[in-house]
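A.B. asks: Starting off with a structure, shown below.
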Amino acid sequence: MHDLRRFGNTGLEARGSFDAVPPRADSGRVIVLANRQPFSHEHGPDGEVVVKRSTSGLVTASEPLVRQTAGVWIAHGAGSADRAVVDAWDGVMVPPDHPAYRLRRVWLTEEEEDGYYYGFANEGLWPLCHRAHVRPVFRSSDFDRYWSINARFAAAACDEAQHETPIVLVQDYHFALAPLMIRDRLGSGAIVAFWHIPWPTRERMQMCPWASYLIEGMLGSDLVGCQTHEDCVHFLDGAEHVLGATVDRRLMTVTYAGRTTYVRAYPASVTYPPSCLDEIGDIDRCTRDVRHAFRLRETDRLIVGVDRMDYTKGLEEKLLAIEYLLEQHPQFVDSFVYVQVAQPSRQRLAPYRDLSARVRALAERVNRRFSTYDWTPVRLVEQPLEPPDVYRLLRAAHVCYVGSLHDGMNLVAKEFISARDDERGVLVLSGFTGAASDLCGAVTINPYDIEQTAHALAGALTMRPDDQQHRMRRMRASVAAWDADRWGAALLHDAATLCGVDYRERATAFLSEVTTVETRSIA
């Protein structure tokens, strides 16, 4: 049986034998704690060091915040050349072309990564939080690793705190324990925990043997941010019924162990307009580039899906809908190409390997059934793409197809909207994504209803240009009004309010770059 422990002894590791604190990049203003790093350094084929930018949705939403505040991003250093480029404090300035903030790397052994990341986080919490019919697996040894790695990252955040009242933004399900660990060490400052994936219902949360520890850890924050109001309600329910905390549903607060934590929805968003548009060119150029890359004919309409190879993304259901579309609407045979990017993900885990095999088999089946001598309906791309390549696809697409079975937000949908300055294209969007409540101009589907989805795709492929423009204008206005900068500014504004006026002045440099942020009754 796992030994019960209290957070009073967090196991925070010593700061190490540094002769001085890490170099400043105005680093105490905002400190972001995340498993995924925005940039990795890899050894190229000729031994050179190549910088790669992450396409993670978490990075897409959060990187503008830390970049514009000249802060610090703390992440797992997983690139093959990451150690070769860091300074004595395990940091490097990024982006490489225009250094703006400090990337602090934390090192994990393979055994630690197996237990903390692949084990507890992704075999346990990920399926627990997503309604995608994969059974969560919980092992006490994995939770021990999760605990110790949370403590290590918390210690790194405390190392990087240069001001008395930093804002520490703890990101996602990898670090549910870290907020309280940081609070016990720092005492002052604002701690914000943002949960990017869905928060489970209290009934599902109670499946986890250490649910009380996770909620208590999150309540070390001054502010818990979720993607949707529904997620916030689930968090309040869990705090009340699992932990026995006092919940005020009118004020959306949780009081426990003498601390009050505010719970708010901050739907994550994307940069608007995308920074790479000048690089990739206008719609016509992107269309030519994509047609050339995939050897498409001039008459082929293009349906695009961009996902990780993950069982929450509904990749099998998407292919079944394409198959049914071709069966029931034969006029579409030899008329469109479905390009599905399925970036490899967590292939150490059996559910992901099995999914890859099933998706390949389905794509091959559809192609065997319907291909002609010069036309193949499905192109499956199982490799990571750089952001400019993703945006080229989105700018060239007639239809963007998002079929997630359950998703906290899904930023690909918002990237598609931000990319379409021509006000054309149709977004076919699962109603089980957080984005569905933000993007009311999308064609909303139930991804489990294969027939309904196929008919929705048929309608999207034949939608009139004026209808496309009307829908796209509504969605572009929504994304423009609440982009990644607004998301970050709202988090900063509310965290600064919790810290008081003195700290709010320190956030002025970022807040002044963003137009007025909606004021919440948070203090």
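Residues in the structure tokens are named by chain (A, B, ... in the order shown) and by number from 1 within that chain; ligands are numbered from 1 in the order shown.
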Go through region 189-381 of chain A and collect every residue that DSSP, computed from the backbone, puts in strand (DSSP E or B); the answer should be as number ranges by chain.

C.D. replies: A: 190-194, 223-226, 246-248, 253-256, 259-265, 301-308, 336-343, 372, 375, 378-381

A.B. asks: Quick one: residues within 8 Å of Arg183 (chain A), only C-alpha atoms, excluding same-chain residues fewer than 5 positions away - as a list in words?

C.D. replies: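 Counting only C-alpha atoms, the residues come to Ser188, Ile191, Gly220 and Ser221 of chain A.
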
A.B. asks: With only C-alpha atoms as the counted atoms, please give the residues lying no more than 8 Å from Ile283 (chain A), apart from itself and same-chain residues fewer than 3 positions off, as a PyMOL selection string.

C.D. replies: chain A and resi 286-287+395-396+422

A.B. asks: I'd like to know which of A:Ala239, A:Leu223, A:Ala193, A:Leu251 is closest to Ala496 (chain A), using only C-alpha atoms.

C.D. replies: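 When distances to Ala496 (chain A) are compared using only C-alpha atoms, the smallest one comes from A:Leu223.
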
A.B. asks: Just asking: which residues within region 230-387 of chain A are helix (DSSP H, G or I) according to DSSP, as number ranges by chain?

C.D. replies: A: 230-241, 277-280, 283-294, 315-328, 330-332, 350-370, 387

A.B. asks: Can you pull out the residues contacting Tyr256 (chain A)? Cut-off 8 Å, using only C-alpha atoms, and skip same-chain residues under 4 positions away; I want them as a PyMOL selection string.

C.D. replies: chain A and resi 219+245-246+260

A.B. asks: Which residues come within 6 Å of region 437-451 of chain A, counting only C-alpha atoms, excluding same-chain residues fewer than 6 positions away, as number ranges by chain?

C.D. replies: A: 321, 403, 427-431, 471, 475

A.B. asks: Could you check which of A:Leu108, A:Val381, A:Ala363, A:Ala268 is closest to Met409 (chain A), using only C-alpha atoms?

C.D. replies: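 Ranked by minimum distance to Met409 (chain A), first place goes to A:Ala268.
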
A.B. asks: Would you pick out the contacts of region 327-330 of chain A at 9 Å or less, using only C-alpha atoms, so that residues sharing its chain but fewer than 6 positions from it are not included, and give the list as a CSV table (one decimal) with N, CA, C and O atoms, in the first residue's frame?

C.D. replies:
chain,number,residue,atom,x,y,z
A,370,PHE,N,-11.7,2.7,-53.1
A,370,PHE,CA,-12.2,3.8,-53.9
A,370,PHE,C,-11.1,4.4,-54.8
A,370,PHE,O,-11.5,5.2,-55.6
A,454,ALA,N,-20.6,12.2,-42.1
A,454,ALA,CA,-20.4,12.1,-43.6
A,454,ALA,C,-21.3,13.1,-44.3
A,454,ALA,O,-20.8,13.8,-45.3
A,455,HIS,N,-22.5,13.3,-43.9
A,455,HIS,CA,-23.4,14.2,-44.5
A,455,HIS,C,-22.9,15.7,-44.3
A,455,HIS,O,-23.0,16.5,-45.1
A,458,ALA,N,-20.2,16.3,-46.7
A,458,ALA,CA,-20.7,16.6,-48.0
A,458,ALA,C,-21.2,18.0,-48.1
A,458,ALA,O,-21.0,18.7,-49.1

A.B. asks: Using only C-alpha atoms, can you tell me which of A:Tyr213, A:Tyr324, A:Phe120, A:Trp73 comes closest to Phe153 (chain A)?

C.D. replies: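 Among A:Tyr213, A:Tyr324, A:Phe120, A:Trp73, it is A:Trp73 that comes nearest to Phe153 (chain A).
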
A.B. asks: Quick one: of A:Leu492, A:Met205, A:Val426, A:Ala75, who's nearest to Pro465 (chain A), counting only C-alpha atoms?

C.D. replies: A:Val426
